[in-house]
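What follows is a short report on a single structure.
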Amino acid sequence: MKGNHAFCPKTGASLSNTTHYDERGRGFHTPVPDRFAEEPDTGDLTLGARCSSTTALLTHFRRCHDREKDATPGGDLQSRAALALRRLKRASDGVNAWDMVVWLTLVERLDRCGHEVGWMRGHVELRCPDCYGHLQYRTLAGGTPIARCGTHCTEAPRDRLHQIRTLVADLYRRTFDPDTDLSADDVAHP
Ligand SMILES: [Zn+2]
């Protein structure tokens, strides 16, 4: 992932607060190993990626789970998450393979398996599925949140939250249950 929840796309290590600049003036961070992520290759610099490895996503899951005091304890959730993540990564491609979509589909899966995983929604940054731009949020009368792309990358404005929920429903069906009629409206609001 990039942005506020950025981590090393190979190992899932957290990133340093210090910014290093390359010869073109672009800023990067160094992965910092901890008890969840092994020592990264020397000299790795990254800003995170929109699509990370299975290992990196699992590390992110374990670290976030550990931080959540109210999260359900026990290895059952961890092993179920690891299994589901591997299946999701195998089944996904294109925009479906972005961390944001994989992560939210994992939330949907674990939730439907009876785990309390609402906390996971606080550990992902939502971006525009067309251009990976930042989103601008507003709330409709009636309380429904919607999000537009901050760069207005498509001519007609679209609710990007609905678009993300559609991607999640697609990936869920493709990975876990091709026969389900799960649609965007069934997917919890991200
Ligand atoms: Zn966009």
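Letters A, B, ... go to the chains of the structure tokens in the order shown; residues in each chain start at 1; ligands are counted from 1 in the same order.
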Practice task
Once DSSP has gone over the backbone, tell me which residues of range 82-121 of chain A are in alpha helix (DSSP H), as number ranges by chain.
Solution key: A: 82-91, 99-112
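Using only C-alpha atoms, the protein and nucleic acid residues lying no more than 9 Å from Arg148 in chain A, apart from those fewer than 2 places from it along its own chain, are A:Cys128, A:His134, A:Leu135, A:Gln136, A:Tyr137, A:Arg138, A:Ile146, A:Gly150, A:Thr151, A:His152, A:Pro157, A:Arg158, A:Asp159, A:Arg160, A:Leu161.
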Handout entry: Coordinates-based distance that separates CA of Asp99 in chain A from CA of Cys51 in chain A (Å, one decimal)
Key = 5.1 Å
Fill in the blank from the handout: CA of Arg24 in chain A sits from CA of Gly48 in chain A at a separation of 18.3 Å
Practice task
Figure out the distance between CA of Leu47 in chain A and CA of Asn17 in chain A, please, to one decimal in Å.
Solution key: 11.0 Å
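The residue that comes closest to Ala84 in chain A, out of A:Leu104, A:Ala13, A:Leu45, A:Ala37 and on the basis of only C-alpha atoms, is A:Leu104.
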All residues 12 Å or closer to Thr180 in chain A, only C-alpha atoms, same chain fewer than 5 positions away omitted, as a compact mmCIF listing (two decimals) with C-alpha atoms, in the first residue's frame:
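New file result-v1.txt:
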# COMPACT_ATOMS: atom_id res chain seq x y z
CA ALA A 169 -17.87 -8.35 -5.03
CA ASP A 170 -16.27 -9.46 -8.31
CA LEU A 171 -13.09 -10.67 -6.63
CA TYR A 172 -15.06 -12.38 -3.88
CA ARG A 173 -17.14 -14.34 -6.39
CA ARG A 174 -14.12 -15.20 -8.49
CA THR A 175 -12.09 -16.41 -5.50
CA ASP A 186 -24.14 -6.56 -0.37
Problem - DSSP strand (DSSP E or B) residues within chain A, as a PyMOL selection string - result: chain A and resi 7+14-15+20-21+27-29+31-32+46+135-139+145-149
Next, the residues of the selection above should be written as a PDB file, in the first residue's frame with C-alpha atoms.
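To be explicit, this is the file written out as part.pdb:
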ATOM      1  CA  PHE A   7       4.626  -0.689   3.825  1.00  0.00           C
ATOM      2  CA  SER A  14       6.958  -0.611   8.070  1.00  0.00           C
ATOM      3  CA  LEU A  15       8.669   2.347   6.424  1.00  0.00           C
ATOM      4  CA  HIS A  20      15.801   9.682   1.321  1.00  0.00           C
ATOM      5  CA  TYR A  21      16.088  11.459  -2.027  1.00  0.00           C
ATOM      6  CA  GLY A  27      11.668  10.920  -1.940  1.00  0.00           C
ATOM      7  CA  PHE A  28      11.686   7.324  -0.676  1.00  0.00           C
ATOM      8  CA  HIS A  29      11.641   5.533   2.659  1.00  0.00           C
ATOM      9  CA  PRO A  31      11.823  -0.509   5.228  1.00  0.00           C
ATOM     10  CA  VAL A  32      12.333  -1.057   8.966  1.00  0.00           C
ATOM     11  CA  THR A  46      10.242   2.382  -1.469  1.00  0.00           C
ATOM     12  CA  LEU A 135     -10.490  10.505  -3.195  1.00  0.00           C
ATOM     13  CA  GLN A 136     -12.685  13.396  -2.118  1.00  0.00           C
ATOM     14  CA  TYR A 137     -15.482  12.351   0.207  1.00  0.00           C
ATOM     15  CA  ARG A 138     -18.878  13.835   0.853  1.00  0.00           C
ATOM     16  CA  THR A 139     -22.091  12.663   2.442  1.00  0.00           C
ATOM     17  CA  PRO A 145     -21.023   8.615   1.907  1.00  0.00           C
ATOM     18  CA  ILE A 146     -19.737   8.880  -1.643  1.00  0.00           C
ATOM     19  CA  ALA A 147     -16.298   9.639  -3.048  1.00  0.00           C
ATOM     20  CA  ARG A 148     -15.169  11.298  -6.238  1.00  0.00           C
ATOM     21  CA  CYS A 149     -11.730  11.082  -7.806  1.00  0.00           C
TER      22      CYS A 149
END
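Proximity to ligand 1 was assessed for A:Gly25, A:Pro129, A:Pro33, A:Gly143 counting only C-alpha atoms and all ligand atoms; the smallest distance is recorded for A:Pro129.
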Problem - Residue with smallest distance to ligand 1 - pool A:Val168, A:Met100, A:Cys153, A:Val187, counting only C-alpha atoms and all ligand atoms - result: A:Cys153
Problem - Selected residue of minimal separation from ligand 1 among A:Cys8, A:Cys131, A:Ala188, A:Ala141, counting only C-alpha atoms and all ligand atoms - result: A:Cys131
Problem - Contact residues around Arg109 in chain A with only C-alpha atoms at 10 Å, ignoring same-chain residues under 3 positions, as a list of chain:residue names - result: A:Arg80, A:Ala81, A:Ala84, A:Leu85, A:Trp103, A:Leu104, A:Thr105, A:Leu106, A:Arg112, A:Cys113, A:Gly114, A:His115, A:Val117, A:Tyr172, A:Thr175, A:Phe176
Practice task
Identify which of the residues A:Leu126, A:Leu77, A:Val107, A:Leu167 lies closest to Met1 in chain A, counting only C-alpha atoms when measuring atom-to-atom distances.
Solution key: A:Leu126
Practice task
Return the single residue from A:Gly122, A:Pro190, A:Gly133, A:Gly94 that is closest to ligand 1, with distances computed using only C-alpha atoms and all ligand atoms.
Solution key: A:Gly133
Practice task
Determine, counting only C-alpha atoms, which protein, DNA and RNA residues have an atom within 12 Å of an atom of Ala82 in chain A; residues of the same chain fewer than 5 positions away are not included. Present the result as a VMD selection string.
Solution key: chain A and resid 54 to 62 75 to 77 87 to 89 103 106 109 to 110
Expected file contents, prior selection, C-alpha atoms, as a tab-separated table (two decimals), in the first residue's frame:
chain	number	residue	atom	x	y	z
A	54	THR	CA	1.15	-12.07	-0.36
A	55	THR	CA	3.84	-12.07	2.34
A	56	ALA	CA	3.68	-8.28	2.65
A	57	LEU	CA	-0.10	-8.23	2.98
A	58	LEU	CA	-0.03	-10.99	5.57
A	59	THR	CA	2.60	-9.09	7.56
A	60	HIS	CA	0.40	-5.99	7.40
A	61	PHE	CA	-2.53	-8.08	8.64
A	62	ARG	CA	-0.55	-9.55	11.55
A	75	GLY	CA	-4.44	-18.28	15.68
A	76	ASP	CA	-7.71	-19.30	14.05
A	77	LEU	CA	-8.26	-15.89	12.49
A	87	ARG	CA	-6.44	-17.68	-2.68
A	88	LEU	CA	-7.20	-14.01	-3.31
A	89	LYS	CA	-3.74	-13.33	-4.71
A	103	TRP	CA	-7.69	-6.22	1.55
A	106	LEU	CA	-10.39	-10.29	2.74
A	109	ARG	CA	-14.51	-13.04	3.55
A	110	LEU	CA	-13.47	-13.07	7.21
